[in-house]
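So this one's data-v8.csv, CSV, N, CA and C atoms and all ligand atoms:
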```
chain,number,residue,atom,x,y,z
H,217,MET,N,-8.4,-19.7,-11.6
H,217,MET,CA,-8.4,-18.2,-11.8
H,217,MET,C,-7.1,-17.7,-11.4
H,218,GLY,N,-6.5,-16.8,-12.2
H,218,GLY,CA,-5.3,-16.1,-11.8
H,218,GLY,C,-5.6,-15.0,-10.8
H,219,PRO,N,-4.6,-14.3,-10.4
H,219,PRO,CA,-4.8,-13.2,-9.5
H,219,PRO,C,-5.5,-12.1,-10.1
H,220,GLU,N,-6.3,-11.3,-9.3
H,220,GLU,CA,-6.9,-10.1,-9.8
H,220,GLU,C,-5.7,-9.1,-10.2
H,221,THR,N,-6.0,-8.3,-11.1
H,221,THR,CA,-4.9,-7.3,-11.6
H,221,THR,C,-5.5,-5.9,-11.7
H,222,ALA,N,-4.9,-5.0,-11.0
H,222,ALA,CA,-5.3,-3.6,-11.1
H,222,ALA,C,-4.7,-3.0,-12.4
H,223,SER,N,-5.3,-1.9,-12.8
H,223,SER,CA,-4.6,-1.2,-14.0
H,223,SER,C,-3.6,-0.2,-13.4
H,224,VAL,N,-2.5,-0.1,-14.2
H,224,VAL,CA,-1.4,0.8,-13.8
H,224,VAL,C,-0.8,1.3,-15.1
H,225,THR,N,-0.2,2.5,-15.0
H,225,THR,CA,0.3,3.1,-16.2
H,225,THR,C,1.8,3.3,-16.1
H,226,GLY,N,2.6,2.8,-17.0
H,226,GLY,CA,4.0,3.2,-17.1
H,226,GLY,C,4.8,2.7,-15.9
H,227,HIS,N,4.5,1.5,-15.4
H,227,HIS,CA,5.3,0.9,-14.3
H,227,HIS,C,5.4,1.8,-13.1
H,228,ASP,N,4.4,2.6,-12.9
H,228,ASP,CA,4.4,3.6,-11.8
H,228,ASP,C,3.3,3.3,-10.8
H,229,VAL,N,3.8,2.9,-9.6
H,229,VAL,CA,2.8,2.5,-8.6
H,229,VAL,C,1.8,3.6,-8.2
H,230,THR,N,2.2,4.8,-8.4
H,230,THR,CA,1.3,5.9,-8.0
H,230,THR,C,0.1,6.0,-9.0
H,231,THR,N,0.2,5.3,-10.1
H,231,THR,CA,-0.9,5.4,-11.1
H,231,THR,C,-1.9,4.2,-11.0
H,232,ILE,N,-1.8,3.4,-9.9
H,232,ILE,CA,-2.7,2.3,-9.8
H,232,ILE,C,-4.1,2.8,-9.7
H,233,THR,N,-5.0,2.1,-10.5
H,233,THR,CA,-6.4,2.2,-10.2
H,233,THR,C,-6.8,0.8,-9.6
H,234,CYS,N,-7.0,0.8,-8.3
H,234,CYS,CA,-7.3,-0.4,-7.6
H,234,CYS,C,-8.5,-1.1,-8.1
H,235,ILE,N,-8.6,-2.4,-7.9
H,235,ILE,CA,-9.8,-3.1,-8.4
H,235,ILE,C,-11.1,-2.6,-7.8
H,236,CYS,N,-11.0,-2.0,-6.6
H,236,CYS,CA,-12.2,-1.4,-6.0
H,236,CYS,C,-12.5,0.0,-6.6
H,237,GLY,N,-11.6,0.5,-7.5
H,237,GLY,CA,-11.8,1.8,-8.1
H,237,GLY,C,-11.0,3.0,-7.5
H,238,ASN,N,-10.4,2.7,-6.3
H,238,ASN,CA,-9.7,3.8,-5.6
H,238,ASN,C,-8.4,4.1,-6.4
H,239,THR,N,-8.0,5.4,-6.3
H,239,THR,CA,-6.7,5.9,-6.8
H,239,THR,C,-6.1,6.8,-5.8
H,240,VAL,N,-4.9,7.2,-6.2
H,240,VAL,CA,-4.1,8.2,-5.3
H,240,VAL,C,-4.9,9.5,-5.0
H,241,SER,N,-5.7,9.9,-6.1
H,241,SER,CA,-6.4,11.2,-5.9
H,241,SER,C,-7.8,11.0,-5.2
H,242,GLN,N,-8.2,9.8,-5.0
H,242,GLN,CA,-9.4,9.6,-4.2
H,242,GLN,C,-9.1,9.3,-2.8
H,243,ASP,N,-9.1,8.1,-2.3
H,243,ASP,CA,-8.8,7.8,-0.9
H,243,ASP,C,-7.3,7.6,-0.7
H,244,GLY,N,-6.5,7.7,-1.8
H,244,GLY,CA,-5.1,7.6,-1.7
H,244,GLY,C,-4.6,6.2,-1.6
H,245,LEU,N,-3.3,6.0,-1.8
H,245,LEU,CA,-2.6,4.7,-1.7
H,245,LEU,C,-1.5,4.9,-0.7
H,246,ILE,N,-1.2,3.9,0.0
H,246,ILE,CA,-0.2,4.0,1.1
H,246,ILE,C,0.9,3.0,1.0
H,247,GLN,N,2.2,3.5,1.1
H,247,GLN,CA,3.3,2.6,1.1
H,247,GLN,C,3.2,1.7,2.3
H,248,ALA,N,3.5,0.4,2.1
H,248,ALA,CA,3.4,-0.6,3.2
H,248,ALA,C,4.5,-1.6,3.1
H,249,ASN,N,4.6,-2.4,4.1
H,249,ASN,CA,5.6,-3.5,4.1
H,249,ASN,C,5.0,-4.8,3.6
H,250,SER,N,5.8,-5.8,3.7
H,250,SER,CA,5.4,-7.1,3.1
H,250,SER,C,4.3,-7.8,3.9
H,251,ARG,N,3.8,-7.2,5.0
H,251,ARG,CA,2.6,-7.7,5.7
H,251,ARG,C,1.5,-6.7,5.5
H,252,GLY,N,1.7,-5.7,4.7
H,252,GLY,CA,0.6,-4.8,4.4
H,252,GLY,C,0.4,-3.7,5.4
H,253,VAL,N,1.4,-3.5,6.3
H,253,VAL,CA,1.4,-2.5,7.4
H,253,VAL,C,2.0,-1.2,6.9
H,254,PRO,N,1.2,-0.1,6.9
H,254,PRO,CA,1.8,1.2,6.5
H,254,PRO,C,3.1,1.5,7.2
H,255,ILE,N,4.1,2.0,6.4
H,255,ILE,CA,5.4,2.2,6.9
H,255,ILE,C,5.7,3.7,7.1
H,256,ALA,N,6.6,4.0,8.0
H,256,ALA,CA,7.1,5.4,8.2
H,256,ALA,C,8.0,5.7,7.1
H,257,GLY,N,8.0,6.9,6.6
H,257,GLY,CA,8.8,7.3,5.5
H,257,GLY,C,10.2,7.7,6.0
H,258,GLY,N,10.9,6.8,6.6
H,258,GLY,CA,12.3,7.1,7.1
H,258,GLY,C,12.3,7.9,8.4
H,259,ASP,N,11.2,8.1,9.0
H,259,ASP,CA,11.2,8.9,10.2
H,259,ASP,C,11.9,8.1,11.3
H,260,SER,N,12.6,8.8,12.2
H,260,SER,CA,13.2,8.1,13.4
H,260,SER,C,13.0,9.0,14.6
H,261,PRO,N,12.4,8.6,15.7
H,261,PRO,CA,11.9,7.2,15.8
H,261,PRO,C,10.6,7.0,15.0
H,262,VAL,N,10.3,5.7,14.7
H,262,VAL,CA,9.1,5.4,13.9
H,262,VAL,C,7.9,5.8,14.7
H,263,PRO,N,7.0,6.6,14.0
H,263,PRO,CA,5.8,7.0,14.7
H,263,PRO,C,4.9,5.9,15.2
H,264,ALA,N,4.2,6.1,16.3
H,264,ALA,CA,3.4,5.0,16.9
H,264,ALA,C,2.4,4.5,15.9
H,265,GLY,N,2.3,3.2,15.8
H,265,GLY,CA,1.4,2.5,15.0
H,265,GLY,C,1.9,2.1,13.6
H,266,LEU,N,2.9,2.8,13.1
H,266,LEU,CA,3.5,2.5,11.8
H,266,LEU,C,4.6,1.5,11.9
H,267,ALA,N,4.9,0.8,10.8
H,267,ALA,CA,6.0,-0.1,10.7
H,267,ALA,C,7.3,0.7,10.2
H,268,PRO,N,8.5,0.3,10.6
H,268,PRO,CA,9.7,0.9,10.1
H,268,PRO,C,9.8,0.7,8.6
H,269,TRP,N,10.6,1.6,8.0
H,269,TRP,CA,10.9,1.4,6.6
H,269,TRP,C,11.7,0.0,6.4
H,270,PRO,N,11.2,-0.8,5.5
H,270,PRO,CA,11.8,-2.2,5.4
H,270,PRO,C,13.3,-2.1,5.0
H,271,GLU,N,14.2,-2.8,5.7
H,271,GLU,CA,15.6,-2.7,5.4
H,271,GLU,C,15.9,-3.3,4.0
H,272,ASP,N,15.1,-4.2,3.6
H,272,ASP,CA,15.4,-4.8,2.3
H,272,ASP,C,14.7,-4.0,1.2
H,273,GLU,N,14.1,-2.9,1.5
H,273,GLU,CA,13.5,-2.0,0.5
H,273,GLU,C,12.4,-2.8,-0.3
H,274,ASP,N,11.8,-3.8,0.3
H,274,ASP,CA,10.7,-4.6,-0.4
H,274,ASP,C,9.4,-3.8,0.0
H,275,LEU,N,9.0,-3.0,-0.9
H,275,LEU,CA,7.9,-2.1,-0.7
H,275,LEU,C,6.6,-2.6,-1.4
H,276,TYR,N,5.5,-2.3,-0.7
H,276,TYR,CA,4.2,-2.7,-1.2
H,276,TYR,C,3.3,-1.4,-1.2
H,277,THR,N,2.3,-1.5,-2.0
H,277,THR,CA,1.3,-0.4,-2.0
H,277,THR,C,0.0,-0.9,-1.5
H,278,LEU,N,-0.6,-0.3,-0.5
H,278,LEU,CA,-1.8,-0.7,0.2
H,278,LEU,C,-2.9,0.2,-0.3
H,279,CYS,N,-4.0,-0.3,-0.7
H,279,CYS,CA,-5.3,0.4,-0.9
H,279,CYS,C,-6.0,0.5,0.4
H,280,PRO,N,-6.2,1.7,1.0
H,280,PRO,CA,-6.8,1.8,2.3
H,280,PRO,C,-8.3,1.6,2.2
H,281,ARG,N,-8.9,1.6,1.0
H,281,ARG,CA,-10.3,1.4,0.9
H,281,ARG,C,-10.7,0.0,1.0
H,282,CYS,N,-10.0,-0.9,0.3
H,282,CYS,CA,-10.4,-2.3,0.3
H,282,CYS,C,-9.4,-3.3,0.9
H,283,GLY,N,-8.2,-2.8,1.1
H,283,GLY,CA,-7.1,-3.6,1.8
H,283,GLY,C,-6.3,-4.4,0.8
H,284,ARG,N,-6.5,-4.3,-0.5
H,284,ARG,CA,-5.7,-5.0,-1.4
H,284,ARG,C,-4.3,-4.4,-1.4
H,285,VAL,N,-3.3,-5.3,-1.6
H,285,VAL,CA,-1.9,-4.9,-1.5
H,285,VAL,C,-1.2,-5.3,-2.8
H,286,TYR,N,-0.4,-4.4,-3.3
H,286,TYR,CA,0.3,-4.7,-4.5
H,286,TYR,C,1.8,-4.6,-4.2
H,287,ARG,N,2.6,-5.4,-4.9
H,287,ARG,CA,4.1,-5.4,-4.7
H,287,ARG,C,4.7,-4.4,-5.6
H,288,ASP,N,5.4,-3.4,-5.1
H,288,ASP,CA,6.0,-2.4,-6.0
H,288,ASP,C,7.0,-2.9,-7.0
H,289,ALA,N,7.8,-3.9,-6.6
H,289,ALA,CA,8.8,-4.4,-7.5
H,289,ALA,C,8.2,-5.1,-8.7
H,290,VAL,N,7.0,-5.8,-8.5
H,290,VAL,CA,6.4,-6.4,-9.6
H,290,VAL,C,5.9,-5.4,-10.6
H,291,ILE,N,5.3,-4.3,-10.1
H,291,ILE,CA,4.7,-3.3,-10.9
H,291,ILE,C,5.9,-2.6,-11.7
H,292,GLU,N,7.0,-2.3,-11.0
H,292,GLU,CA,8.1,-1.6,-11.7
H,292,GLU,C,8.7,-2.5,-12.7
H,293,GLU,N,8.8,-3.8,-12.5
H,293,GLU,CA,9.4,-4.7,-13.5
H,293,GLU,C,8.5,-5.0,-14.6
H,294,THR,N,7.2,-5.3,-14.3
H,294,THR,CA,6.4,-5.8,-15.4
H,294,THR,C,5.3,-4.8,-15.9
H,295,GLY,N,5.1,-3.7,-15.2
H,295,GLY,CA,4.1,-2.8,-15.7
H,295,GLY,C,2.7,-3.3,-15.5
H,296,THR,N,2.5,-4.4,-14.7
H,296,THR,CA,1.2,-4.9,-14.3
H,296,THR,C,1.1,-4.9,-12.8
H,297,ALA,N,-0.1,-5.0,-12.3
H,297,ALA,CA,-0.3,-4.8,-10.9
H,297,ALA,C,-1.2,-5.9,-10.3
H,298,PRO,N,-0.7,-7.2,-10.3
H,298,PRO,CA,-1.5,-8.2,-9.7
H,298,PRO,C,-1.6,-8.0,-8.2
H,299,VAL,N,-2.8,-8.4,-7.6
H,299,VAL,CA,-2.9,-8.3,-6.2
H,299,VAL,C,-2.0,-9.3,-5.5
H,300,ALA,N,-1.2,-8.8,-4.6
H,300,ALA,CA,-0.3,-9.7,-3.8
H,300,ALA,C,-1.0,-10.4,-2.7
H,301,PHE,N,-1.8,-9.7,-2.0
H,301,PHE,CA,-2.6,-10.2,-0.9
H,301,PHE,C,-3.6,-9.1,-0.5
H,302,GLN,N,-4.5,-9.5,0.5
H,302,GLN,CA,-5.5,-8.5,1.0
H,302,GLN,C,-5.5,-8.5,2.5
H,303,VAL,N,-5.5,-7.3,3.1
H,303,VAL,CA,-5.5,-7.3,4.5
H,303,VAL,C,-6.9,-6.6,5.0
H,304,ASP,N,-7.1,-6.8,6.3
H,304,ASP,CA,-8.3,-6.2,6.9
H,304,ASP,C,-8.1,-4.7,7.3
H,305,VAL,N,-8.7,-3.8,6.6
H,305,VAL,CA,-8.5,-2.4,6.8
H,305,VAL,C,-9.7,-1.8,7.7
H,306,ALA,N,-10.6,-2.7,8.1
H,306,ALA,CA,-11.8,-2.2,8.9
H,306,ALA,C,-11.4,-2.2,10.3
H,307,ALA,N,-10.6,-3.0,10.8
H,307,ALA,CA,-10.3,-3.2,12.2
H,307,ALA,C,-8.9,-3.8,12.4
H,308,GLY,N,-8.4,-3.6,13.6
H,308,GLY,CA,-7.1,-4.2,13.9
H,308,GLY,C,-5.9,-3.3,13.6
H,309,PRO,N,-4.7,-3.9,13.7
H,309,PRO,CA,-3.5,-3.1,13.7
H,309,PRO,C,-3.3,-2.3,12.4
H,310,ILE,N,-3.8,-2.9,11.3
H,310,ILE,CA,-3.6,-2.2,10.0
H,310,ILE,C,-4.5,-1.0,9.9
H,311,ALA,N,-5.7,-1.1,10.4
H,311,ALA,CA,-6.7,0.0,10.4
H,311,ALA,C,-6.1,1.1,11.3
H,312,GLU,N,-5.5,0.8,12.4
H,312,GLU,CA,-4.9,1.8,13.3
H,312,GLU,C,-3.7,2.4,12.6
H,313,ALA,N,-2.9,1.7,11.9
H,313,ALA,CA,-1.8,2.2,11.2
H,313,ALA,C,-2.2,3.2,10.1
H,314,ILE,N,-3.3,2.9,9.4
H,314,ILE,CA,-3.8,3.7,8.4
H,314,ILE,C,-4.2,5.1,9.0
H,315,LYS,N,-4.9,5.0,10.1
H,315,LYS,CA,-5.2,6.3,10.8
H,315,LYS,C,-4.0,7.1,11.2
H,316,ALA,N,-3.0,6.4,11.7
H,316,ALA,CA,-1.7,7.0,12.1
H,316,ALA,C,-1.0,7.7,10.8
H,317,HIS,N,-1.1,7.0,9.7
H,317,HIS,CA,-0.5,7.5,8.5
H,317,HIS,C,-1.2,8.8,8.1
H,318,TRP,N,-2.5,8.8,8.1
H,318,TRP,CA,-3.2,10.0,7.7
H,318,TRP,C,-3.0,11.2,8.7
H,319,ASN,N,-3.0,10.8,10.0
H,319,ASN,CA,-2.7,11.9,11.0
H,319,ASN,C,-1.4,12.6,10.7
H,320,LEU,N,-0.4,11.8,10.3
H,320,LEU,CA,0.9,12.4,10.1
H,320,LEU,C,1.0,13.2,8.8
H,321,SER,N,0.2,12.8,7.8
H,321,SER,CA,0.3,13.4,6.5
H,321,SER,C,-0.7,14.5,6.3
H,322,SER,N,-1.5,14.7,7.3
H,322,SER,CA,-2.5,15.8,7.1
H,322,SER,C,-2.2,17.0,7.9
G,1,ZN,ZN,-8.9,-0.9,-3.4
```
If you took the structure in this file and wrote it as structure tokens, what would it be?
Ligand SMILES: [Zn+2]
Amino acid sequence: MGPETASVTGHDVTTITCICGNTVSQDGLIQANSRGVPIAGGDSPVPAGLAPWPEDEDLYTLCPRCGRVYRDAVIEETGTAPVAFQVDVAAGPIAEAIKAHWNLSS
């Protein structure tokens, strides 16, 4: 079996419909680093719980509902959104980082 692939429109990561059905306008999608940890949007100092903006600009998009992570560069180059990996969003550091992300953006 190949990787699961989400639907995406026009090479635009913000148009992902995750395999679980989530979109930007539902539970939202979160920019993350190569380990799936939500990142700070260039804030300095980096807010507690979030990862710093990756120096190599290697960005990923995390679905906070199911934990699937998509690699932005793949989507932008190919117009397809294969799942890169999946993280645990129910507990642990990534769950805490998701809460920190929403606290900042709300
Ligand atoms: Zn999802």
For this session: Neighbourhood query: residues within 8 Å of (-1.6, 0.7, 2.0), file coordinates, counting all atoms listed in the file; return as JSON, numbers by chain.
Result: {"H": [244, 245, 246, 247, 248, 249, 252, 253, 254, 255, 276, 277, 278, 279, 280, 281, 283, 284, 285, 286, 314]}
For this session: Give me, please, the distance in Å between atom CA of Val224 of chain H and atom CA of Val303 of chain H, quoted to one decimal.
Result: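 Answer for the atom CA of Val224 of chain H to atom CA of Val303 of chain H separation: 20.4 Å.
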Exercise. Using all atoms listed in the file, which of H:Cys282, H:Ala267, H:Arg251, H:Ala311 sits nearest ligand ZN 1 (chain G)?
Worked result: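 With all atoms listed in the file as the atom set, the closest residue is H:Cys282.
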Problem set entry | Non-local contacts of Gly226 of chain H (7 Å; all atoms listed in the file; under 2 positions in same chain excluded) as a ChimeraX atom specification | /H:224,228-229,291-292,295
Problem set entry | Every residue of chain H that DSSP places in strand (DSSP E or B), as a PyMOL selection string | chain H and resi 221-223+233+246-248+254-255+267+276-278+284-287+297-302
For this session: Just the residues within 6 Å of Val299 of chain H, please, counting only N, CA and C atoms, with nothing from its chain fewer than 2 positions along; format it as a list in words.
Result: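 Near neighbours after the sequence-gap exclusion: Pro219, Glu220, Thr221, Ala222, Val285, Tyr286, Ala297 and Phe301 of chain H.
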Problem set entry | Residue with smallest distance to Ser250 of chain H - pool H:Ala264, H:Ala313, H:Val305, H:Leu275, counting only C-alpha atoms |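 Ranking H:Ala264, H:Ala313, H:Val305, H:Leu275 by distance to Ser250 of chain H, first place goes to H:Leu275.
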Problem set entry | DSSP alpha helix (DSSP H) residues within chain H, as a PyMOL selection string | chain H and resi 288-294+309-321
Seminar exercise, completed: Students should find that atom CA of Gly237 of chain H and atom CA of Gln302 of chain H are spaced 15.1 Å
For this session: Tell me, in Å to one decimal, how far atom CA of Thr225 of chain H is from atom CA of Glu293 of chain H.
Result: 12.3 Å
